[in-house]
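First up is the structure itself, then whatever we jot down about it.
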4 protein chains.
Amino acid sequence: MPRTSRNDTGNEWDGIIPDYDLQTYDLAGFGRDGGLGRRPALVIIDMQHRTLGTRTDIQSAIRDSYPTAVGNAGWDALDKLVPVLNAARKAGVPVVYPHVAPKSSSTLGRLGGKVPSIIGVDARGYEFPDEIAPRDGDVLIPKKHPSAFFATAMTSELIDRGVDTLIVAGCSTSGCVRSSVADAFSLNFRVGVVRDSVYDRSDVSHAVNLFDMANKYADLISAREAVDYFNDLPTPTR
Amino acid sequence: MPRTSRNDTGNEWDGIIPDYDLQTYDLAGFGRDGGLGRRPALVIIDMQHRTLGTRTDIQSAIRDSYPTAVGNAGWDALDKLVPVLNAARKAGVPVVYPHVAPKSSSTLGRLGGKVPSIIGVDARGYEFPDEIAPRDGDVLIPKKHPSAFFATAMTSELIDRGVDTLIVAGCSTSGCVRSSVADAFSLNFRVGVVRDSVYDRSDVSHAVNLFDMANKYADLISAREAVDYFNDLPTPTR
Amino acid sequence: MPRTSRNDTGNEWDGIIPDYDLQTYDLAGFGRDGGLGRRPALVIIDMQHRTLGTRTDIQSAIRDSYPTAVGNAGWDALDKLVPVLNAARKAGVPVVYPHVAPKSSSTLGRLGGKVPSIIGVDARGYEFPDEIAPRDGDVLIPKKHPSAFFATAMTSELIDRGVDTLIVAGCSTSGCVRSSVADAFSLNFRVGVVRDSVYDRSDVSHAVNLFDMANKYADLISAREAVDYFNDLPTPTR
Amino acid sequence: MPRTSRNDTGNEWDGIIPDYDLQTYDLAGFGRDGGLGRRPALVIIDMQHRTLGTRTDIQSAIRDSYPTAVGNAGWDALDKLVPVLNAARKAGVPVVYPHVAPKSSSTLGRLGGKVPSIIGVDARGYEFPDEIAPRDGDVLIPKKHPSAFFATAMTSELIDRGVDTLIVAGCSTSGCVRSSVADAFSLNFRVGVVRDSVYDRSDVSHAVNLFDMANKYADLISAREAVDYFNDLPTPTR
């Protein structure tokens with residue numbers, strides 16, 4: 001069972017998805033590994049101060065910093081991402097930052113109704129933490145919707161760079177990561193989700209969305225596996 | 001708390017999403033009702049024999065009919081949908097059927113790799129059960145990807161009919177329903193998910209995806225509420 | 001022949017498209033009127049100083065202001081548009097401004113290769129002339145590609161406002177106007193192109209693109225007809 | 001001037017686009033060569049019996065076969081395409097056929113209003129002539145709108161094959177070819193239009209649309225150059 005062998009310390013959904021459902025998925029034939037290609041991009045979604053906030057439990061982080069903050073789980077994902085990002089840069093891999101740019105109520109569409117608290121984030125909230133901040137030559141993709149592909153130049157930028165594989169990190173597992181991964185799958189990109197570099201407001205929703213993505217749209221890889229993958233790429237020639 | 005008051009018998013995610021996470025979401029301001037408009041379409045996703053199969057437990061249904069069959073949970077959702085569909089037709093509401101048309105391995109894209117069992121379904125598998133089958137004038141949307149909007153004329157058809165609201169039923173909650181709802185939300189359609197007329201292979205994934213959609217993208221309504229909603233629409237003039 | 005009766009002073013392509021081709025199109029059945037709906041938006045494309053430049057002949061305008069300037073033909077289109085815009089505002093019609101926002105060579109994609117002169121426009125070039133400038137509540141759509149719909153929230157914004165018809169003005173007839181109109185047609189919006197409020201660098205290309213759009217995708221209306229159309233709309237209730 | 005040196009027998013728009021406009025475009029900096037990549041696909045748009053009809057002048061072809069027929073100009077384009085297609089197959093290049101599948105009035109959207117004659121084409125009209133017919137392994141893209149990319153899996157199929165360049169032939173220059181080329185350009189594909197393998201109902205519109213595409217979106221190449229380009233590709237390894 002490839003699905004349960006991917007993580008030697010067990011899967012995030014152990015104890016959440018019942019054994020009966022795991023058997024059902026195996027019986028139905030879901031969850032085969034899709035495999036990764038050789039022309040990847042590293043995609044870091046919404047990893048901004050507004051989704052991280054203070055380095056504390058999530059409810060304190062929400063009270064102390066931003067309503068969209070995740071706190072500890074976000075910073076842990078960021079810490080795990082740093083060596084992945086370094087390996088990607090060393091390998092000459094494009095680094096793409098879909099992110100939310102400052103917005104006003106007039107440009108929010110339906111989101112303002114569902115999640116009114118996302119209005120009123122200060123300028124620092126939209127900034128990237130120094131540890132994973134974009135550099136010259138990285139691809140910045142401002143977005144206003146969950147998916148990094150919706151109403152953005154994401155597809156055009158990836159085609160321009162001949163990308164065939166997305167290695168995905170960021171926030172939230174059940175929101176923008178999930179929607180972006182589903183679209184990437186539909187566009188026939190190969191997708192690896194860095195399971196310990198994505199984060200969410202709910203551990204259960206995080207786990208179940210990883211389960212969904214693993215079975216339908218993507219391979220799950222650890223940050224350590226992502227580092228190895230980037231290190232094993234041929235020397236960049238582009 | 002609108003989220004927990006929507007269903008007088010409790011929410012599908014009770015006992016699955018911990019109270020702490022529910023408090024976190026409230027604190028962050030997620031999950032407000034979005035509201036429904038007055039120009040709806042009823043959208044029935046992938047409700048074909050291949051996702052229903054025999055009327056039995058899911059593992060027997062998979063063995064006896066189609067690898068993608070859901071069995072009992074699917075037929076229950078269909079039974080609940082019948083009066084919703086009747087009310088929609090009576091109100092002159094457009095009925096839209098995003099569905100999977102027969103396909104060969106050459107046109108499967110990545111899906112053939114992740115879920116090889118979806119190849120090889122027989123012709124009846126692609127048919128609609130009589131109880132909810134399309135009629136003349138309904139909108140048929142063949143699709144090859146999870147979202148009803150991806151690489152289809154879905155948006156064009158909805159714009160052509162002046163639709164502002166989608167009432168969504170079908171399968172699977174964690175797959176095509178979820179992706180379609182996220183896209184509908186991004187396109188600024190108002191969305192009501194008929195919580196007892198969508199179905200899934202895993203009860204836990206079903207519940208958590210309803211939780212995700214309720215908090216981010218859609219209102220959840222019962223089949224009974226959907227009937228009332230259609231009955232209360234003004235007499236059709238188009 | 002609806003195509004030739006639309007303009008009492010003749011069509012822009014008179015003397016350019018031969019009579020034989022006009023007969024061919026009639027024989028093939030192209031060019032019927034599509035008709036306009038009752039929930040329009042006015043769409044003003046790229047009408048910025050960078051496409052207008054100085055009020056003189058185009059070659060002087062290019063030398064004196066911006067390489068993308070059109071000069072006199074642009075200002076004439078703008079003069080014709082002013083009463084159209086006033087009528088739209090009076091009717092409470094949404095006014096949408098797809099426009100090019102300042103960009104650097106790193107975000108140009110292929111366009112930097114085909115048209116290198118579009119790099120290096122000063123800040124004023126991206127501003128809107130006072131006569132047609134956006135007001136609070138108007139919809140600003142920054143874009144980087146020819147079509148106003150490509151990689152933008154244009155569709156979402158139009159759906160949010162229940163729009164069924166686009167009245168289109170701006171620049172250039174053979175570029176961004178043409179691409180936007182083709183996409184609007186594909187999305188099943190009804191389209192009226194304000195034939196004397198769109199402008200281009202080449203009179204012949206302008207005329208032939210109007211001919212193409214009239215035959216395939218849109219109705220052509222004069223600025224005067226557009227004013228009448230907006231004045232005849234029912235009093236806004238939204 | 002790359003634009004006028006591309007064709008040693010002159011350009012299609014000679015005598016149609018005035019010298020003044022050519023000077024204006026040069027002054028504005030349009031029309032630089034974009035260049036072609038090394039991972040092409042050959043894209044043959046709408047080259048079906050319904051757009052070819054009988055091998056005679058267009059008006060006779062319309063009367064004798066299909067209202068959408070082009071006649072001689074279409075067959076000439078097809079004759080030129082045959083060696084291009086052979087070279088592409090020999091080079092192992094993906095061959096993609098965006099085409100119109102049979103449709104009824106209920107699925108026509110706005111097109112039924114603008115061009116009512118496209119309803120009622122017989123089954124043979126949708127077939128491909130033997131000389132350029134698809135083979136096993138080719139990519140069939142059914143479409144209902146002008147652009148091969150609109151509401152189709154075109155982008156997904158090209159990404160799946162790692163394509164960076166489209167070599168485009170087919171019909172009509174001013175319709176589906178033009179719209180597909182504009183979208184391909186926006187998606188950052190490199191585009192070569194085979195200038196003598198695209199065809200149109202109007203020679204003038206054909207010429208002006210080639211002029212537009214050459215200046216804004218694509219390189220124009222002759223069928224002979226296309227053959228050389230495919231022959232010069234490295235031996236296929238995929």
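Convention: chains lettered A, B, ... in structure tokens order; per-chain residue numbering from 1; ligands numbered from 1 as shown.
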Practice item. Would you kindly return, as a PyMOL selection string, each protein, DNA or RNA residue with an atom no farther than 10 Å from any atom of Val95 of chain A, considering only C-alpha atoms and excluding same-chain residues fewer than 6 positions away? Key: chain A and resi 40-44+85+88-89+134-135+137-140+166-167
Can you write just those residues out, all heavy atoms, as a tab-separated table (two decimals), in the first residue's frame?
chain	number	residue	atom	x	y	z
A	40	PRO	N	10.92	20.60	-12.24
A	40	PRO	CA	10.00	21.07	-11.20
A	40	PRO	C	10.05	22.58	-10.98
A	40	PRO	O	10.98	23.26	-11.41
A	40	PRO	CB	10.51	20.36	-9.96
A	40	PRO	CG	11.99	20.28	-10.18
A	40	PRO	CD	12.16	20.05	-11.67
A	41	ALA	N	9.03	23.07	-10.32
A	41	ALA	CA	9.05	24.38	-9.67
A	41	ALA	C	8.67	24.16	-8.21
A	41	ALA	O	7.89	23.25	-7.90
A	41	ALA	CB	8.07	25.34	-10.34
A	42	LEU	N	9.25	24.96	-7.34
A	42	LEU	CA	8.82	24.95	-5.93
A	42	LEU	C	7.76	26.04	-5.77
A	42	LEU	O	7.99	27.19	-6.14
A	42	LEU	CB	10.02	25.21	-5.01
A	42	LEU	CG	9.69	25.35	-3.51
A	42	LEU	CD1	9.06	24.07	-2.95
A	42	LEU	CD2	10.95	25.71	-2.72
A	43	VAL	N	6.60	25.67	-5.27
A	43	VAL	CA	5.48	26.61	-5.16
A	43	VAL	C	5.15	26.82	-3.68
A	43	VAL	O	4.74	25.88	-2.99
A	43	VAL	CB	4.24	26.06	-5.90
A	43	VAL	CG1	3.07	27.03	-5.79
A	43	VAL	CG2	4.58	25.81	-7.37
A	44	ILE	N	5.34	28.03	-3.21
A	44	ILE	CA	5.13	28.36	-1.80
A	44	ILE	C	3.90	29.25	-1.70
A	44	ILE	O	3.91	30.40	-2.13
A	44	ILE	CB	6.37	29.09	-1.23
A	44	ILE	CG1	7.63	28.22	-1.45
A	44	ILE	CG2	6.17	29.40	0.25
A	44	ILE	CD1	8.93	28.93	-1.07
A	85	LEU	N	13.82	24.97	0.33
A	85	LEU	CA	14.01	26.16	-0.51
A	85	LEU	C	15.48	26.31	-0.91
A	85	LEU	O	15.80	26.60	-2.07
A	85	LEU	CB	13.51	27.39	0.25
A	85	LEU	CG	13.70	28.75	-0.42
A	85	LEU	CD1	13.03	28.80	-1.79
A	85	LEU	CD2	13.14	29.86	0.48
A	88	ALA	N	16.24	23.86	-3.59
A	88	ALA	CA	15.64	24.26	-4.87
A	88	ALA	C	16.47	25.36	-5.52
A	88	ALA	O	16.76	25.33	-6.73
A	88	ALA	CB	14.20	24.74	-4.64
A	89	ARG	N	16.88	26.34	-4.72
A	89	ARG	CA	17.69	27.43	-5.28
A	89	ARG	C	19.01	26.90	-5.82
A	89	ARG	O	19.48	27.30	-6.89
A	89	ARG	CB	17.95	28.49	-4.21
A	89	ARG	CG	16.69	29.25	-3.80
A	89	ARG	CD	17.08	30.59	-3.15
A	89	ARG	NE	15.92	31.27	-2.59
A	89	ARG	CZ	14.97	31.87	-3.32
A	89	ARG	NH1	15.05	31.86	-4.64
A	89	ARG	NH2	13.95	32.47	-2.73
A	134	PRO	N	11.09	35.95	-1.18
A	134	PRO	CA	11.46	35.89	-2.60
A	134	PRO	C	12.74	36.68	-2.89
A	134	PRO	O	13.05	37.64	-2.19
A	134	PRO	CB	10.28	36.57	-3.32
A	134	PRO	CG	9.17	36.63	-2.33
A	134	PRO	CD	9.79	36.60	-0.98
A	135	ARG	N	13.46	36.24	-3.88
A	135	ARG	CA	14.64	36.95	-4.38
A	135	ARG	C	14.41	37.38	-5.83
A	135	ARG	O	13.47	36.92	-6.47
A	135	ARG	CB	15.86	36.03	-4.34
A	135	ARG	CG	16.23	35.58	-2.95
A	135	ARG	CD	17.51	34.78	-3.00
A	135	ARG	NE	17.79	34.18	-1.69
A	135	ARG	CZ	18.72	33.28	-1.47
A	135	ARG	NH1	19.48	32.86	-2.49
A	135	ARG	NH2	18.92	32.79	-0.27
A	137	GLY	N	14.28	37.27	-9.58
A	137	GLY	CA	14.16	36.15	-10.48
A	137	GLY	C	13.09	35.16	-10.05
A	137	GLY	O	12.67	34.32	-10.85
A	138	ASP	N	12.65	35.22	-8.80
A	138	ASP	CA	11.53	34.38	-8.39
A	138	ASP	C	10.24	34.89	-9.04
A	138	ASP	O	10.18	36.03	-9.51
A	138	ASP	CB	11.38	34.39	-6.87
A	138	ASP	CG	12.52	33.66	-6.17
A	138	ASP	OD1	13.25	32.91	-6.84
A	138	ASP	OD2	12.69	33.87	-4.95
A	139	VAL	N	9.23	34.06	-9.04
A	139	VAL	CA	7.98	34.39	-9.71
A	139	VAL	C	6.92	34.73	-8.67
A	139	VAL	O	6.53	33.88	-7.87
A	139	VAL	CB	7.49	33.21	-10.58
A	139	VAL	CG1	6.24	33.60	-11.35
A	139	VAL	CG2	8.59	32.76	-11.53
A	140	LEU	N	6.47	35.97	-8.67
A	140	LEU	CA	5.44	36.41	-7.73
A	140	LEU	C	4.08	36.35	-8.42
A	140	LEU	O	3.90	36.94	-9.48
A	140	LEU	CB	5.74	37.82	-7.25
A	140	LEU	CG	6.93	37.91	-6.29
A	140	LEU	CD1	7.35	39.37	-6.08
A	140	LEU	CD2	6.57	37.28	-4.95
A	166	LEU	N	5.12	20.27	-9.83
A	166	LEU	CA	5.05	21.28	-8.79
A	166	LEU	C	5.31	20.63	-7.43
A	166	LEU	O	4.67	19.64	-7.08
A	166	LEU	CB	3.67	21.94	-8.77
A	166	LEU	CG	3.18	22.55	-10.08
A	166	LEU	CD1	1.87	23.30	-9.85
A	166	LEU	CD2	4.22	23.48	-10.69
A	167	ILE	N	6.25	21.18	-6.68
A	167	ILE	CA	6.48	20.78	-5.30
A	167	ILE	C	5.84	21.88	-4.44
A	167	ILE	O	6.26	23.04	-4.51
A	167	ILE	CB	7.98	20.65	-5.00
A	167	ILE	CG1	8.64	19.68	-6.00
A	167	ILE	CG2	8.20	20.23	-3.55
A	167	ILE	CD1	8.09	18.26	-5.96
Quick one: superpose chain C onto chain A using all C-alpha atoms paired in order, least squares, and give it to me as a compact mmCIF listing (two decimals) with C-alpha atoms, in the first residue's frame.
# COMPACT_ATOMS: atom_id res chain seq x y z
CA MET C 1 -0.07 -0.02 0.07
CA PRO C 2 1.85 2.97 -1.19
CA ARG C 3 -0.38 5.34 0.72
CA THR C 4 0.60 4.14 4.15
CA SER C 5 4.22 3.40 3.39
CA ARG C 6 5.06 6.94 2.44
CA ASN C 7 5.70 8.14 5.96
CA ASP C 8 7.73 5.91 8.26
CA THR C 9 6.13 7.49 11.31
CA GLY C 10 2.64 6.92 10.07
CA ASN C 11 0.22 9.10 8.19
CA GLU C 12 -1.39 12.31 9.38
CA TRP C 13 -4.83 10.69 9.07
CA ASP C 14 -4.04 7.67 11.26
CA GLY C 15 -6.82 7.45 13.83
CA ILE C 16 -8.98 9.87 11.83
CA ILE C 17 -9.82 7.99 8.65
CA PRO C 18 -11.17 4.59 9.80
CA ASP C 19 -9.60 1.35 8.59
CA TYR C 20 -12.81 0.51 6.76
CA ASP C 21 -12.46 3.63 4.60
CA LEU C 22 -8.79 2.86 3.91
CA GLN C 23 -9.82 -0.61 2.76
CA THR C 24 -12.56 0.90 0.59
CA TYR C 25 -10.10 3.22 -1.12
CA ASP C 26 -7.70 0.37 -1.76
CA LEU C 27 -10.53 -1.72 -3.14
CA ALA C 28 -11.62 1.13 -5.43
CA GLY C 29 -8.05 1.55 -6.63
CA PHE C 30 -7.34 5.09 -5.47
CA GLY C 31 -4.04 6.47 -4.32
CA ARG C 32 -1.42 5.09 -6.64
CA ASP C 33 1.80 7.11 -6.79
CA GLY C 34 1.76 9.54 -9.71
CA GLY C 35 5.48 10.13 -9.77
CA LEU C 36 7.45 13.35 -10.12
CA GLY C 37 9.10 14.73 -13.25
CA ARG C 38 12.49 16.33 -13.88
CA ARG C 39 11.51 19.97 -14.51
CA PRO C 40 10.01 21.06 -11.20
CA ALA C 41 9.06 24.38 -9.67
CA LEU C 42 8.82 24.96 -5.94
CA VAL C 43 5.48 26.61 -5.15
CA ILE C 44 5.13 28.37 -1.79
CA ILE C 45 1.53 29.38 -1.21
CA ASP C 46 0.42 32.24 1.07
CA MET C 47 3.36 31.86 3.45
CA GLN C 48 3.08 35.44 4.67
CA HIS C 49 3.02 36.98 8.13
CA ARG C 50 -0.80 37.15 7.98
CA THR C 51 -1.01 33.31 7.91
CA LEU C 52 1.82 32.79 10.40
CA GLY C 53 1.36 35.48 13.05
CA THR C 54 3.06 35.03 16.38
CA ARG C 55 4.94 31.84 17.25
CA THR C 56 2.42 30.47 19.74
CA ASP C 57 -0.77 28.38 19.82
CA ILE C 58 -3.23 29.30 17.08
CA GLN C 59 -5.88 30.93 19.25
CA SER C 60 -3.30 33.18 20.91
CA ALA C 61 -1.82 33.93 17.49
CA ILE C 62 -5.22 34.97 16.16
CA ARG C 63 -5.78 37.25 19.14
CA ASP C 64 -2.26 38.69 19.13
CA SER C 65 -1.61 39.14 15.42
CA TYR C 66 -3.93 38.37 12.49
CA PRO C 67 -7.33 36.63 12.34
CA THR C 68 -5.89 34.41 9.62
CA ALA C 69 -2.81 33.42 11.66
CA VAL C 70 -1.98 29.77 12.32
CA GLY C 71 0.90 30.25 14.77
CA ASN C 72 3.11 27.31 15.78
CA ALA C 73 2.02 24.89 13.04
CA GLY C 74 2.85 27.54 10.44
CA TRP C 75 6.29 28.27 11.83
CA ASP C 76 7.07 24.56 12.07
CA ALA C 77 6.17 24.20 8.39
CA LEU C 78 8.33 27.20 7.57
CA ASP C 79 11.30 25.76 9.51
CA LYS C 80 10.98 22.53 7.54
CA LEU C 81 10.72 24.45 4.28
CA VAL C 82 13.98 26.39 4.65
CA PRO C 83 16.29 23.51 3.60
CA VAL C 84 13.85 22.61 0.81
CA LEU C 85 14.00 26.15 -0.52
CA ASN C 86 17.79 26.18 -0.28
CA ALA C 87 18.01 22.93 -2.22
CA ALA C 88 15.63 24.26 -4.88
CA ARG C 89 17.68 27.43 -5.30
CA LYS C 90 20.91 25.43 -5.49
CA ALA C 91 19.35 23.26 -8.22
CA GLY C 92 18.29 26.31 -10.19
CA VAL C 93 14.63 25.40 -9.82
CA PRO C 94 12.06 28.20 -10.34
CA VAL C 95 10.53 29.34 -7.06
CA VAL C 96 6.95 30.58 -7.32
CA TYR C 97 5.08 32.57 -4.65
CA PRO C 98 1.32 32.64 -5.09
CA HIS C 99 0.23 35.09 -2.41
CA VAL C 100 -2.51 37.42 -1.37
CA ALA C 101 -1.79 41.04 -2.16
CA PRO C 102 -3.38 43.83 -0.11
CA LYS C 103 -7.03 44.23 -1.01
CA SER C 104 -10.01 46.36 -0.19
CA SER C 105 -13.61 45.33 0.36
CA SER C 106 -14.43 46.42 -3.21
CA THR C 107 -12.28 43.70 -4.74
CA LEU C 108 -13.09 40.83 -2.41
CA GLY C 109 -15.94 39.19 -4.30
CA ARG C 110 -17.72 36.52 -2.29
CA LEU C 111 -14.82 36.06 0.14
CA GLY C 112 -15.72 39.26 2.00
CA GLY C 113 -19.05 37.68 2.83
CA LYS C 114 -17.78 34.30 3.97
CA VAL C 115 -14.71 35.45 5.87
CA PRO C 116 -15.09 39.14 6.76
CA SER C 117 -12.06 39.06 9.04
CA ILE C 118 -9.68 38.93 6.10
CA ILE C 119 -10.30 42.63 5.54
CA GLY C 120 -8.12 44.96 7.54
CA VAL C 121 -4.78 43.16 7.62
CA ASP C 122 -1.86 45.60 8.00
CA ALA C 123 0.99 45.98 5.51
CA ARG C 124 3.37 43.69 7.41
CA GLY C 125 0.77 40.93 7.22
CA TYR C 126 1.32 40.74 3.48
CA GLU C 127 5.11 40.51 3.76
CA PHE C 128 7.08 37.28 3.54
CA PRO C 129 9.21 36.16 6.50
CA ASP C 130 12.91 36.75 5.82
CA GLU C 131 13.72 33.03 6.01
CA ILE C 132 11.70 32.22 2.90
CA ALA C 133 11.42 35.61 1.22
CA PRO C 134 11.45 35.91 -2.59
CA ARG C 135 14.64 36.94 -4.38
CA ASP C 136 15.26 38.52 -7.75
CA GLY C 137 14.16 36.16 -10.48
CA ASP C 138 11.54 34.38 -8.39
CA VAL C 139 7.99 34.39 -9.71
CA LEU C 140 5.45 36.40 -7.74
CA ILE C 141 1.81 35.49 -8.38
CA PRO C 142 -0.68 37.81 -6.67
CA LYS C 143 -4.03 36.11 -6.28
CA LYS C 144 -7.48 36.83 -4.87
CA HIS C 145 -9.00 33.36 -4.91
CA PRO C 146 -8.12 30.03 -3.29
CA SER C 147 -6.37 28.44 -6.25
CA ALA C 148 -3.02 29.84 -7.36
CA PHE C 149 -4.24 29.23 -10.91
CA PHE C 150 -7.56 31.08 -10.75
CA ALA C 151 -7.45 34.44 -12.55
CA THR C 152 -3.65 34.55 -12.43
CA ALA C 153 -0.73 34.15 -14.83
CA MET C 154 0.35 30.99 -12.97
CA THR C 155 -0.17 28.64 -15.93
CA SER C 156 1.57 31.05 -18.33
CA GLU C 157 4.56 31.41 -16.02
CA LEU C 158 4.92 27.64 -15.60
CA ILE C 159 4.65 27.03 -19.35
CA ASP C 160 7.23 29.75 -19.97
CA ARG C 161 9.67 27.84 -17.77
CA GLY C 162 8.88 24.40 -19.16
CA VAL C 163 7.80 23.13 -15.77
CA ASP C 164 6.27 19.64 -15.52
CA THR C 165 6.16 19.16 -11.74
CA LEU C 166 5.07 21.28 -8.78
CA ILE C 167 6.48 20.79 -5.30
CA VAL C 168 3.94 22.52 -3.07
CA ALA C 169 4.26 24.06 0.39
CA GLY C 170 2.32 26.66 2.31
CA CYS C 171 -1.10 27.44 3.65
CA SER C 172 -3.79 26.37 4.18
CA THR C 173 -3.82 22.66 3.48
CA SER C 174 -7.63 22.67 3.29
CA GLY C 175 -7.91 25.91 1.33
CA CYS C 176 -5.46 27.43 -1.11
CA VAL C 177 -3.11 24.43 -1.13
CA ARG C 178 -5.95 22.01 -1.80
CA SER C 179 -7.49 24.13 -4.58
CA SER C 180 -4.13 24.80 -6.22
CA VAL C 181 -3.21 21.11 -6.15
CA ALA C 182 -6.53 20.08 -7.70
CA ASP C 183 -6.03 22.60 -10.52
CA ALA C 184 -2.41 21.55 -11.04
CA PHE C 185 -3.58 17.95 -11.34
CA SER C 186 -6.25 18.93 -13.87
CA LEU C 187 -3.62 20.78 -15.89
CA ASN C 188 -1.53 17.57 -15.96
CA PHE C 189 1.29 18.86 -13.84
CA ARG C 190 2.79 16.23 -11.59
CA VAL C 191 2.40 17.31 -7.98
CA GLY C 192 4.31 16.59 -4.79
CA VAL C 193 2.84 18.07 -1.63
CA VAL C 194 5.45 18.60 1.09
CA ARG C 195 3.37 17.09 3.85
CA ASP C 196 5.29 18.70 6.71
CA SER C 197 5.59 22.12 5.03
CA VAL C 198 1.88 22.74 4.54
CA TYR C 199 -0.21 23.99 7.45
CA ASP C 200 -3.79 24.54 8.48
CA ARG C 201 -6.06 25.93 11.19
CA SER C 202 -7.45 22.49 12.02
CA ASP C 203 -5.32 19.38 12.51
CA VAL C 204 -8.20 17.15 11.46
CA SER C 205 -8.99 19.12 8.32
CA HIS C 206 -5.23 19.22 7.55
CA ALA C 207 -5.01 15.43 7.85
CA VAL C 208 -8.14 14.68 5.83
CA ASN C 209 -7.15 17.08 3.06
CA LEU C 210 -3.75 15.37 2.86
CA PHE C 211 -5.61 12.05 2.64
CA ASP C 212 -7.83 13.41 -0.14
CA MET C 213 -4.91 14.83 -2.11
CA ALA C 214 -2.84 11.66 -1.70
CA ASN C 215 -5.67 9.55 -3.04
CA LYS C 216 -6.79 11.76 -5.89
CA TYR C 217 -4.31 14.39 -7.03
CA ALA C 218 -0.78 14.27 -5.69
CA ASP C 219 2.08 12.40 -4.12
CA LEU C 220 2.91 13.31 -0.53
CA ILE C 221 6.57 13.77 0.24
CA SER C 222 8.40 14.82 3.38
CA ALA C 223 10.58 17.92 3.47
CA ARG C 224 13.57 15.59 3.69
CA GLU C 225 12.46 13.76 0.55
CA ALA C 226 11.95 17.10 -1.20
CA VAL C 227 15.54 18.10 -0.38
CA ASP C 228 16.81 14.79 -1.78
CA TYR C 229 14.66 15.21 -4.87
CA PHE C 230 16.07 18.65 -5.63
CA ASN C 231 19.63 17.51 -4.89
CA ASP C 232 19.26 14.61 -7.31
CA LEU C 233 18.19 16.76 -10.24
CA PRO C 234 20.68 17.09 -13.10
CA THR C 235 22.80 20.22 -13.02
CA PRO C 236 20.71 23.11 -14.32
CA THR C 237 21.46 24.07 -17.89
CA ARG C 238 18.76 26.63 -18.53
Check your understanding: When DSSP works through the backbone of this structure, what residues of segment 11-220 of chain C end up as helix (DSSP H, G or I), shown as a count of residues only?
Key -> 92
Practice item. Would you list, as a ChimeraX atom specification, the residues of segment 2-172 of chain D that end up in strand (DSSP E) under DSSP run on this structure's backbone? Key: /D:40-45,95-100,139-143,165-171
